[in-house]
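Okay, structure first, notes after.
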Amino acid sequence: MSIATVAHKNNVGIYGAALAHTDWTPDADATAPNAGGNFTVTGAGGTLTLDIPNKYEDRLGVQVPALTGPDPVPEAYITRQSGYYAPPWLPNPEGPEGVYCWLGWGYLYVSLTAPAPTTVTATVTFYGVDTHSDTHVTDASRQTDYGFATGDLSTLEYETPIAAGAQTICIDLATEVPLRIVKSVKLEFGAVGAWTLAEPLLCQDAGDAQAAPPRAGEADHLFFKEFEHFAYKRGGMSACVDGQYYEAIAWPDDSHENTLEPTGGHFDYRISAGEAGLDLSSAWTLLQFLSLIERTSDAWDTTYDNAAAEAAFKDEDDAWLKTPDCFDLRPVNRQTGTAFDVAVRVGQWTTAAGLHYDFTAEKIVEGQAHGWAQTGSGKRVRSRNGIENLWRRTGEGVWHQVDSMGSDGHGHWHSSSHEIVAEYDGGTATLWDYGTGHTAVAVTTTGRWAVREYDVAAISPGLANPHLRRDAAGRVWLVYEDGGNIAVAVRSSSQEDWQSRSNAFAEGDHTEPTIAPMPDGSLIVSATRGGGGTELRVSRDDGDEWAGVDVG
Amino acid sequence: MLADDLEFACIVQVQGAVLAAGYNGDEGKAYFEWSDDRGQTKHEFNDGSTRKEIAASDAQQPAIEMLLPTADILVSLVNGGVLRSYVSQDWGETWTYLDALT
């Protein structure tokens, strides 16, 4: 039996204990849903908006400084699990909340019944930035002096086609801004008529039935990383779920931050009040650490097996060798299992006189990078090799390629391990600068890496595979890959610029395009789709609109 | 034979001539060649060479076409993820950079 497990949840409804279908607010072109989720769209583009209530902002902005909150900081700001402080038997219970912290989720699924084929556009409004001013001193001033502020609201918009009838739509939550505090979800419906919706669910990747062709869900959903920092920094645990790596496990704490990577940190950093200012920091116990992972969002379940801990940490006299703490977790990198190895991480060895011992010290001095592989319009680029290259140099020197990056089925890329330090000169280390790009003359610097931490960067396939063909009027048509989309442009002479037309394919996974201007003035574009096979699109208005080729 | 020294060659027929743009992996550049005998032999340019450098290119196929009625030869190629277009107004003797799409 494992002492510690961390498992990802699935199918978490965003209503929590606070909301119901009837809490959606319609605009003038829709009616409010009834208790069964039935509503009517009276004008195309009608919307429903669901405001997601949280107590977090009031807790941190008002209750903590007034010493009237259910918990002091840091637990008060680490906790973002819906309804954690709702139970009435707690001191200063907060009441129910919606599910507002969407860290650790890659997709939102909504089951809908539509009156006709159309589109649904989801707009998620959220705070991706919040700041916490924490003195970490051990007296009450830590609470009264604590400050909390949110940054500007961000939005994530996702449009998906929908057929008539009952189905589940997939809303991709891939974003470079963490979904820390979701304030509202707005759904815009393209067709008038009678609709029905179910509670939106945060889910592991279950595929996308509306994609063309439909996409099956990826089987491997997550991996973990757990590391100790070599310096007095927090180290900690992080995770990547369905490609969503931004703060999948991470909580706000400005003390002893890692150089690059946000994590669920190891330290409970405390400074004694008064002039002495002694550092009273301690590691979270393993039980505390697992609890913080579980309560910092609505994505994780954890277990702690006390009997297994006693078996591992008690001696033959039933005395605890030590209290299991988070440093007793075995460091892992890209672990896909959910059970973590735990063992006593202290010990004492006595060498025997007269025997020869060889001691070997191992120091890990490498870093890695990862991030989204996306099109220019922000769609995931899945399962593609050679999207961009990884480069490094020192100073203003020449870039040297060290890696070629491709994406997994989630549209997530990950580099191999590479050195942090280029060379040592006495006690001075010269660090590598890293960057991503297609060639050495077009590198976007990501900066210096840090030992055992992940740097982040987004990569994009860029433009590729152009094809030219002249039409009957003498104009030349250009098609090319633009990050998985197939873009179209035309020019009449070398003195004119390219005039962009609408993308012939915009699903984000097409390659190898060709174009054929037809004698009747229409255009046909072919492309290979990501799932295999060739598709054709035709335009009869000089590339403004494209449609599938009618084979009937 | 036309384009026998190039990779990823793209050809187009114009007024009976075969125009080719292809990639040379040793140099990382795209070149232009053309033939007036269905590709059996390469046309010799004024300096006696049988190919003309267009520009540096990624290792992928360039595209080639002729604009009419000017007979400008247009080549589009990718270099560093950027799509660059070049034109020749003298049947490939010289090439001029036009513009880039990013």
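FYI, nothing fancy with the structure tokens labels: chains A, B, ... in order, residues from 1 per chain, ligands from 1 as they appear.
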Can you pull out every residue from stretch 257-383 of chain A that DSSP, working from the backbone, puts in alpha helix (DSSP H), and format the result as a list of chain:residue names?
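Those residues are A:Leu286, A:Leu287, A:Gln288, A:Phe289, A:Leu290, A:Ser291, A:Leu292, A:Ile293, A:Glu294, A:Arg295, A:Asn306, A:Ala307, A:Ala308, A:Ala309, A:Glu310, A:Ala311, A:Ala312, A:Phe313.
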Excluding A:Gly83 and any residue of its chain fewer than 4 positions from it, enumerate the residues within 8 Å of it, using only C-alpha atoms, and give them as a short mmCIF file (atom, residue, chain, number, x, y, z; two decimals) with all heavy atoms, in the first residue's frame.
data_model
loop_
_atom_site.label_atom_id
_atom_site.label_comp_id
_atom_site.auth_asym_id
_atom_site.auth_seq_id
_atom_site.Cartn_x
_atom_site.Cartn_y
_atom_site.Cartn_z
N GLY A 16 -20.88 23.36 -8.49
CA GLY A 16 -20.58 23.18 -7.08
C GLY A 16 -21.87 23.03 -6.30
O GLY A 16 -22.88 22.51 -6.80
N ALA A 17 -21.87 23.51 -5.05
CA ALA A 17 -23.08 23.46 -4.24
C ALA A 17 -23.84 24.77 -4.31
O ALA A 17 -24.84 24.95 -3.61
CB ALA A 17 -22.70 23.15 -2.79
N PRO A 87 -18.67 24.03 5.34
CA PRO A 87 -19.37 23.31 6.42
C PRO A 87 -19.65 24.20 7.63
O PRO A 87 -18.76 24.92 8.11
CB PRO A 87 -18.40 22.18 6.77
CG PRO A 87 -17.65 21.93 5.50
CD PRO A 87 -17.49 23.29 4.88
N GLU A 94 -18.10 29.79 5.36
CA GLU A 94 -18.29 30.72 4.25
C GLU A 94 -19.54 30.48 3.43
O GLU A 94 -19.94 31.31 2.64
CB GLU A 94 -17.08 30.66 3.31
CG GLU A 94 -15.80 31.20 3.91
CD GLU A 94 -14.65 31.16 2.94
OE1 GLU A 94 -14.66 30.29 2.04
OE2 GLU A 94 -13.75 31.99 3.06
N GLY A 95 -20.09 29.29 3.50
CA GLY A 95 -21.20 28.98 2.63
C GLY A 95 -20.73 28.42 1.31
O GLY A 95 -19.53 28.37 1.02
N PRO A 96 -21.66 28.01 0.46
CA PRO A 96 -21.29 27.31 -0.78
C PRO A 96 -20.67 28.23 -1.82
O PRO A 96 -20.91 29.43 -1.84
CB PRO A 96 -22.62 26.74 -1.27
CG PRO A 96 -23.65 27.64 -0.68
CD PRO A 96 -23.12 28.09 0.64
N GLU A 97 -19.87 27.62 -2.69
CA GLU A 97 -19.24 28.32 -3.81
C GLU A 97 -19.47 27.51 -5.08
O GLU A 97 -19.72 26.30 -5.03
CB GLU A 97 -17.72 28.43 -3.61
CG GLU A 97 -17.29 29.20 -2.38
CD GLU A 97 -15.79 29.08 -2.16
OE1 GLU A 97 -15.31 27.96 -1.91
OE2 GLU A 97 -15.11 30.11 -2.25
N GLY A 98 -19.34 28.17 -6.22
CA GLY A 98 -19.21 27.43 -7.46
C GLY A 98 -17.78 26.93 -7.61
O GLY A 98 -16.91 27.24 -6.79
#
Between B:Gln15, B:Glu93, B:Leu68, B:Ile73, which residue has the minimum interatomic distance to chain A, considering only C-alpha atoms?
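Under the stated criterion, the closest residue is B:Leu68.
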Could you give me, as number ranges by chain, the residues within 7 Å of A:Trp546, counting only C-alpha atoms and dropping anything in the same chain fewer than 3 positions from it?
A: 504, 537-539, 543
Okay, now the selection with N, CA, C and O atoms, as a PDB file, in the first residue's frame?
ATOM      1  N   ALA A 504      -8.537  28.189 -46.430  1.00  0.00           N
ATOM      2  CA  ALA A 504      -9.305  27.113 -47.053  1.00  0.00           C
ATOM      3  C   ALA A 504      -9.632  26.029 -46.039  1.00  0.00           C
ATOM      4  O   ALA A 504     -10.687  25.393 -46.097  1.00  0.00           O
ATOM      5  N   ARG A 537     -11.457  21.511 -50.748  1.00  0.00           N
ATOM      6  CA  ARG A 537     -12.361  22.622 -50.469  1.00  0.00           C
ATOM      7  C   ARG A 537     -12.471  23.465 -51.728  1.00  0.00           C
ATOM      8  O   ARG A 537     -11.490  23.612 -52.486  1.00  0.00           O
ATOM      9  N   VAL A 538     -13.641  24.023 -51.960  1.00  0.00           N
ATOM     10  CA  VAL A 538     -13.860  24.802 -53.160  1.00  0.00           C
ATOM     11  C   VAL A 538     -14.367  26.192 -52.782  1.00  0.00           C
ATOM     12  O   VAL A 538     -15.095  26.357 -51.801  1.00  0.00           O
ATOM     13  N   SER A 539     -13.946  27.193 -53.571  1.00  0.00           N
ATOM     14  CA  SER A 539     -14.433  28.554 -53.398  1.00  0.00           C
ATOM     15  C   SER A 539     -14.896  29.082 -54.750  1.00  0.00           C
ATOM     16  O   SER A 539     -14.208  28.918 -55.762  1.00  0.00           O
ATOM     17  N   GLY A 543     -12.021  33.037 -53.100  1.00  0.00           N
ATOM     18  CA  GLY A 543     -11.385  32.676 -51.842  1.00  0.00           C
ATOM     19  C   GLY A 543     -11.948  33.340 -50.609  1.00  0.00           C
ATOM     20  O   GLY A 543     -11.353  33.238 -49.531  1.00  0.00           O
TER      21      GLY A 543
END
Env of B:Ala3: 12 Å cut, atoms = only C-alpha atoms, seq-sep filter 6 positions within chain, self excluded. Answer as a ChimeraX atom specification.
/B:9-11,18-24,30-35,38-43,50-52
Go ahead and save the residues from that selection, with N, CA, C and O atoms, as a short mmCIF file (atom, residue, chain, number, x, y, z; two decimals), in the first residue's frame.
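This went into again_7.cif:
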data_model
loop_
_atom_site.label_atom_id
_atom_site.label_comp_id
_atom_site.auth_asym_id
_atom_site.auth_seq_id
_atom_site.Cartn_x
_atom_site.Cartn_y
_atom_site.Cartn_z
N ALA B 9 12.41 19.48 -55.92
CA ALA B 9 12.18 20.39 -57.05
C ALA B 9 10.70 20.51 -57.38
O ALA B 9 9.95 19.54 -57.33
N CYS B 10 10.31 21.73 -57.71
CA CYS B 10 8.95 22.01 -58.16
C CYS B 10 9.06 22.50 -59.61
O CYS B 10 9.90 23.36 -59.90
N ILE B 11 8.25 21.97 -60.49
CA ILE B 11 8.34 22.38 -61.90
C ILE B 11 6.99 22.93 -62.37
O ILE B 11 5.94 22.61 -61.80
N VAL B 18 10.07 24.27 -69.44
CA VAL B 18 9.86 23.72 -68.10
C VAL B 18 10.74 24.49 -67.12
O VAL B 18 11.97 24.52 -67.27
N LEU B 19 10.11 25.14 -66.15
CA LEU B 19 10.83 25.90 -65.13
C LEU B 19 10.91 25.07 -63.85
O LEU B 19 9.93 24.41 -63.48
N ALA B 20 12.03 25.13 -63.17
CA ALA B 20 12.20 24.35 -61.93
C ALA B 20 12.81 25.22 -60.85
O ALA B 20 13.74 26.00 -61.10
N ALA B 21 12.29 25.05 -59.64
CA ALA B 21 12.91 25.63 -58.44
C ALA B 21 13.11 24.49 -57.47
O ALA B 21 12.19 23.70 -57.24
N GLY B 22 14.31 24.36 -56.94
CA GLY B 22 14.60 23.26 -56.03
C GLY B 22 15.60 23.68 -54.98
O GLY B 22 16.08 24.83 -54.95
N TYR B 23 15.93 22.72 -54.13
CA TYR B 23 16.72 23.01 -52.93
C TYR B 23 18.04 22.26 -53.00
O TYR B 23 18.09 21.09 -53.42
N ASN B 24 19.11 22.93 -52.60
CA ASN B 24 20.41 22.29 -52.50
C ASN B 24 20.77 22.16 -51.03
O ASN B 24 21.00 23.16 -50.34
N ALA B 30 17.93 27.71 -52.31
CA ALA B 30 17.06 27.33 -53.41
C ALA B 30 17.65 27.84 -54.72
O ALA B 30 18.23 28.95 -54.77
N TYR B 31 17.53 27.05 -55.77
CA TYR B 31 18.07 27.40 -57.08
C TYR B 31 16.98 27.30 -58.15
O TYR B 31 16.00 26.55 -58.00
N PHE B 32 17.23 28.03 -59.26
CA PHE B 32 16.33 28.01 -60.41
C PHE B 32 17.06 27.42 -61.62
O PHE B 32 18.23 27.74 -61.87
N GLU B 33 16.36 26.58 -62.35
CA GLU B 33 16.87 26.06 -63.62
C GLU B 33 15.69 26.02 -64.59
O GLU B 33 14.54 26.00 -64.18
N TRP B 34 15.99 26.00 -65.90
CA TRP B 34 14.89 25.77 -66.84
C TRP B 34 15.39 25.05 -68.07
O TRP B 34 16.59 24.98 -68.35
N SER B 35 14.44 24.48 -68.80
CA SER B 35 14.75 23.65 -69.96
C SER B 35 13.77 23.95 -71.08
O SER B 35 12.58 24.16 -70.82
N ARG B 38 11.87 19.84 -72.87
CA ARG B 38 11.11 18.93 -72.01
C ARG B 38 11.95 18.34 -70.87
O ARG B 38 11.72 17.22 -70.43
N GLY B 39 12.95 19.06 -70.44
CA GLY B 39 13.70 18.65 -69.27
C GLY B 39 14.93 17.80 -69.56
O GLY B 39 15.65 17.41 -68.64
N GLN B 40 15.19 17.54 -70.82
CA GLN B 40 16.34 16.68 -71.12
C GLN B 40 17.66 17.39 -70.80
O GLN B 40 18.60 16.78 -70.28
N THR B 41 17.76 18.65 -71.16
CA THR B 41 18.98 19.41 -70.84
C THR B 41 18.58 20.73 -70.19
O THR B 41 17.46 21.21 -70.35
N LYS B 42 19.56 21.30 -69.48
CA LYS B 42 19.31 22.57 -68.80
C LYS B 42 19.71 23.73 -69.71
O LYS B 42 20.71 23.64 -70.43
N HIS B 43 18.97 24.79 -69.64
CA HIS B 43 19.32 26.01 -70.36
C HIS B 43 20.57 26.63 -69.75
O HIS B 43 20.76 26.63 -68.54
N THR B 50 24.25 26.69 -65.35
CA THR B 50 22.95 26.09 -65.66
C THR B 50 21.97 26.24 -64.51
O THR B 50 20.87 25.67 -64.55
N ARG B 51 22.36 26.94 -63.46
CA ARG B 51 21.42 27.21 -62.38
C ARG B 51 21.75 28.56 -61.77
O ARG B 51 22.90 29.00 -61.81
N LYS B 52 20.73 29.17 -61.19
CA LYS B 52 20.91 30.47 -60.55
C LYS B 52 20.36 30.42 -59.13
O LYS B 52 19.25 29.90 -58.90
#
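Within 6 Å of chain A, chain B contributes the residues Ala63, Glu65, Leu67, Leu68, Gly80, Gly81 and Val82 of chain B, using only C-alpha atoms.
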Selected residue of minimal separation from B:Leu98 among B:Met1, B:Ala55, B:Ala71, B:Asp37, counting only C-alpha atoms
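Closest candidate: B:Ala55.
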Output as JSON, numbers by chain all residues of stretch 311-460 of chain A that backbone DSSP marks as strand (DSSP E).
{"A": [332, 333, 334, 335, 339, 340, 366, 367, 368, 369, 370, 371, 372, 388, 389, 390, 391, 392, 393, 400, 401, 402, 403, 404, 405, 412, 413, 414, 418, 419, 421, 422, 423, 424, 425, 428, 429, 430, 431, 433, 434, 435, 436, 437, 443, 444, 445, 446, 447, 448, 454, 455, 456]}
For the selection you just gave me, I'd like the residues written to a file as a short mmCIF file (atom, residue, chain, number, x, y, z; two decimals), in the first residue's frame, keeping N, CA and C atoms.
data_model
loop_
_atom_site.label_atom_id
_atom_site.label_comp_id
_atom_site.auth_asym_id
_atom_site.auth_seq_id
_atom_site.Cartn_x
_atom_site.Cartn_y
_atom_site.Cartn_z
N VAL A 332 10.74 12.78 -8.66
CA VAL A 332 10.39 12.13 -9.92
C VAL A 332 10.30 13.20 -11.00
N ASN A 333 10.45 12.77 -12.23
CA ASN A 333 10.29 13.68 -13.36
C ASN A 333 9.44 12.98 -14.41
N ARG A 334 8.34 13.59 -14.76
CA ARG A 334 7.40 13.04 -15.74
C ARG A 334 6.90 11.67 -15.30
N GLN A 335 6.55 11.54 -14.05
CA GLN A 335 5.95 10.30 -13.56
C GLN A 335 4.49 10.26 -13.95
N ALA A 339 0.79 6.95 -7.58
CA ALA A 339 1.29 6.61 -6.25
C ALA A 339 2.75 7.01 -6.16
N PHE A 340 3.08 7.72 -5.10
CA PHE A 340 4.44 8.23 -4.96
C PHE A 340 5.21 7.40 -3.94
N GLU A 366 21.01 19.90 -14.69
CA GLU A 366 20.37 20.15 -15.98
C GLU A 366 18.94 20.66 -15.79
N GLY A 367 18.43 21.25 -16.86
CA GLY A 367 17.07 21.75 -16.84
C GLY A 367 16.34 21.27 -18.07
N GLN A 368 15.08 21.60 -18.14
CA GLN A 368 14.25 21.22 -19.28
C GLN A 368 13.30 22.37 -19.58
N ALA A 369 12.59 22.21 -20.70
CA ALA A 369 11.58 23.20 -21.06
C ALA A 369 10.39 22.48 -21.67
N HIS A 370 9.25 23.12 -21.62
CA HIS A 370 8.06 22.54 -22.22
C HIS A 370 7.06 23.67 -22.51
N GLY A 371 5.94 23.31 -23.09
CA GLY A 371 4.92 24.32 -23.36
C GLY A 371 3.94 23.84 -24.40
N TRP A 372 3.13 24.77 -24.86
CA TRP A 372 2.14 24.47 -25.88
C TRP A 372 2.77 24.47 -27.25
N GLU A 388 9.48 23.07 -34.08
CA GLU A 388 10.52 24.09 -33.98
C GLU A 388 11.76 23.43 -33.40
N ASN A 389 12.84 24.17 -33.41
CA ASN A 389 14.08 23.68 -32.85
C ASN A 389 14.43 24.44 -31.57
N LEU A 390 15.23 23.79 -30.74
CA LEU A 390 15.73 24.42 -29.51
C LEU A 390 17.19 24.79 -29.74
N TRP A 391 17.53 26.01 -29.35
CA TRP A 391 18.87 26.53 -29.60
C TRP A 391 19.46 27.05 -28.29
N ARG A 392 20.77 27.16 -28.27
CA ARG A 392 21.41 27.78 -27.12
C ARG A 392 22.71 28.46 -27.55
N ARG A 393 23.11 29.41 -26.74
CA ARG A 393 24.36 30.12 -26.98
C ARG A 393 24.77 30.78 -25.67
N HIS A 400 23.37 27.52 -31.44
CA HIS A 400 23.60 26.14 -31.83
C HIS A 400 22.35 25.32 -31.49
N GLN A 401 21.95 24.50 -32.44
CA GLN A 401 20.75 23.69 -32.22
C GLN A 401 21.07 22.54 -31.28
N VAL A 402 20.18 22.32 -30.29
CA VAL A 402 20.38 21.22 -29.35
C VAL A 402 19.19 20.27 -29.32
N ASP A 403 18.10 20.62 -29.94
CA ASP A 403 16.91 19.76 -29.86
C ASP A 403 15.98 20.11 -31.01
N SER A 404 15.16 19.14 -31.39
CA SER A 404 14.07 19.39 -32.32
C SER A 404 12.79 19.01 -31.60
N MET A 405 11.83 19.93 -31.55
CA MET A 405 10.66 19.70 -30.72
C MET A 405 9.44 19.32 -31.54
N HIS A 412 1.28 19.34 -26.59
CA HIS A 412 2.26 19.75 -25.58
C HIS A 412 3.63 19.24 -26.01
N TRP A 413 4.64 20.08 -25.87
CA TRP A 413 5.99 19.64 -26.22
C TRP A 413 6.86 19.63 -24.98
N HIS A 414 7.92 18.87 -25.07
CA HIS A 414 8.81 18.74 -23.93
C HIS A 414 10.21 18.49 -24.44
N HIS A 418 18.96 19.43 -20.71
CA HIS A 418 20.14 20.10 -21.26
C HIS A 418 20.85 20.88 -20.16
N GLU A 419 22.10 21.14 -20.43
CA GLU A 419 22.95 21.80 -19.42
C GLU A 419 22.46 23.21 -19.10
N VAL A 421 24.81 25.19 -17.30
CA VAL A 421 26.08 25.91 -17.29
C VAL A 421 26.90 25.54 -18.52
N ALA A 422 27.37 26.55 -19.23
CA ALA A 422 28.22 26.29 -20.40
C ALA A 422 29.64 25.98 -19.97
N GLU A 423 30.16 26.75 -19.01
CA GLU A 423 31.51 26.49 -18.53
C GLU A 423 31.73 27.19 -17.18
N TYR A 424 32.68 26.68 -16.46
CA TYR A 424 33.10 27.30 -15.22
C TYR A 424 34.48 27.91 -15.40
N ASP A 425 34.63 29.10 -14.88
CA ASP A 425 35.94 29.73 -14.86
C ASP A 425 36.23 30.06 -13.40
N THR A 428 33.26 31.19 -11.27
CA THR A 428 32.27 31.89 -12.09
C THR A 428 31.70 30.95 -13.15
N ALA A 429 30.39 30.87 -13.16
CA ALA A 429 29.72 30.02 -14.15
C ALA A 429 29.16 30.88 -15.28
N THR A 430 29.39 30.45 -16.49
CA THR A 430 28.75 31.07 -17.65
C THR A 430 27.55 30.21 -18.03
N LEU A 431 26.38 30.83 -18.01
CA LEU A 431 25.15 30.06 -18.25
C LEU A 431 24.76 30.12 -19.71
N ASP A 433 22.17 30.60 -22.67
CA ASP A 433 20.88 31.19 -23.01
C ASP A 433 20.20 30.25 -23.99
N TYR A 434 18.93 29.99 -23.75
CA TYR A 434 18.18 29.08 -24.63
C TYR A 434 17.14 29.86 -25.42
N GLY A 435 16.74 29.28 -26.55
CA GLY A 435 15.70 29.91 -27.36
C GLY A 435 15.06 28.90 -28.29
N THR A 436 13.91 29.26 -28.82
CA THR A 436 13.21 28.40 -29.77
C THR A 436 13.11 29.12 -31.11
N GLY A 437 13.09 28.34 -32.18
CA GLY A 437 12.97 28.94 -33.49
C GLY A 437 13.15 27.89 -34.57
N VAL A 443 15.57 33.06 -33.80
CA VAL A 443 15.43 32.43 -32.49
C VAL A 443 14.77 33.40 -31.51
N THR A 444 13.74 32.92 -30.82
CA THR A 444 13.11 33.68 -29.75
C THR A 444 13.71 33.23 -28.43
N THR A 445 14.38 34.13 -27.75
CA THR A 445 15.08 33.76 -26.53
C THR A 445 14.09 33.44 -25.41
N THR A 446 14.33 32.32 -24.73
CA THR A 446 13.53 32.00 -23.55
C THR A 446 14.28 32.32 -22.28
N GLY A 447 15.58 32.56 -22.40
CA GLY A 447 16.36 32.93 -21.24
C GLY A 447 17.16 31.76 -20.70
N ARG A 448 17.68 31.96 -19.52
CA ARG A 448 18.51 30.93 -18.90
C ARG A 448 17.64 29.94 -18.16
N TYR A 454 11.44 23.46 -14.99
CA TYR A 454 10.99 23.56 -16.37
C TYR A 454 10.87 25.03 -16.76
N ASP A 455 11.54 25.39 -17.84
CA ASP A 455 11.26 26.66 -18.48
C ASP A 455 10.04 26.45 -19.40
N VAL A 456 9.42 27.53 -19.81
CA VAL A 456 8.25 27.38 -20.68
C VAL A 456 8.43 28.23 -21.93
#
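Checking A:Val381, A:Ala32, A:Val124, A:Ile162 one by one against A:Val177, counting only C-alpha atoms, you find the shortest gap at A:Val124.
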List the neighbours of A:Asp205 out to 7 Å using only C-alpha atoms; skip same-chain residues closer than 4 positions along the sequence, and give me the result as a PyMOL selection string.
chain A and resi 107+217-218+242
For atom CA of A:Pro33 and atom CA of A:Gly190, the interatomic separation in Å (one decimal)
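One can read the atom CA of A:Pro33 to atom CA of A:Gly190 distance as 16.7 Å.
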Residues within 9 Å of stretch 88-93 of chain A, please, as a list of chain:residue names. Count only C-alpha atoms; anything in the same chain fewer than 2 positions from it doesn't count.
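These residues fall inside the cut-off: A:Thr68, A:Gly69, A:Pro70, A:Asp71, A:Tyr85, A:Ala86, A:Gly95.
The shortest atom-to-atom distance to A:Thr5, with only C-alpha atoms taken into account, belongs to A:Asp301 out of A:Glu512, A:Asp301, A:Asp325, A:Glu545.
The residue set within 10 Å of B:Ala100, counting only C-alpha atoms and dropping same-chain residues fewer than 2 places from it, reads Asp497 and Trp498 of chain A; Ser76, Leu77, Val78, Asn79, Val82, Leu83, Arg84, Ser85, Tyr86, Tyr97, Leu98 and Thr102 of chain B.
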Write the residues of the preceding selection, restricted to C-alpha atoms, as a PDB file, in the first residue's frame.
ATOM      1  CA  ASP A 497       1.564  42.645 -52.318  1.00  0.00           C
ATOM      2  CA  TRP A 498      -0.084  39.341 -51.578  1.00  0.00           C
TER       3      TRP A 498
ATOM      4  CA  SER B  76       7.898  31.443 -52.928  1.00  0.00           C
ATOM      5  CA  LEU B  77      10.009  29.590 -50.373  1.00  0.00           C
ATOM      6  CA  VAL B  78      10.240  29.154 -46.617  1.00  0.00           C
ATOM      7  CA  ASN B  79      13.260  30.284 -44.684  1.00  0.00           C
ATOM      8  CA  VAL B  82       8.962  32.823 -42.886  1.00  0.00           C
ATOM      9  CA  LEU B  83       7.425  32.610 -46.368  1.00  0.00           C
ATOM     10  CA  ARG B  84       9.471  34.780 -48.728  1.00  0.00           C
ATOM     11  CA  SER B  85       8.725  35.552 -52.362  1.00  0.00           C
ATOM     12  CA  TYR B  86      11.235  36.371 -55.110  1.00  0.00           C
ATOM     13  CA  TYR B  97      13.372  39.726 -53.081  1.00  0.00           C
ATOM     14  CA  LEU B  98       9.737  40.841 -53.040  1.00  0.00           C
ATOM     15  CA  THR B 102       5.018  35.620 -41.306  1.00  0.00           C
TER      16      THR B 102
END
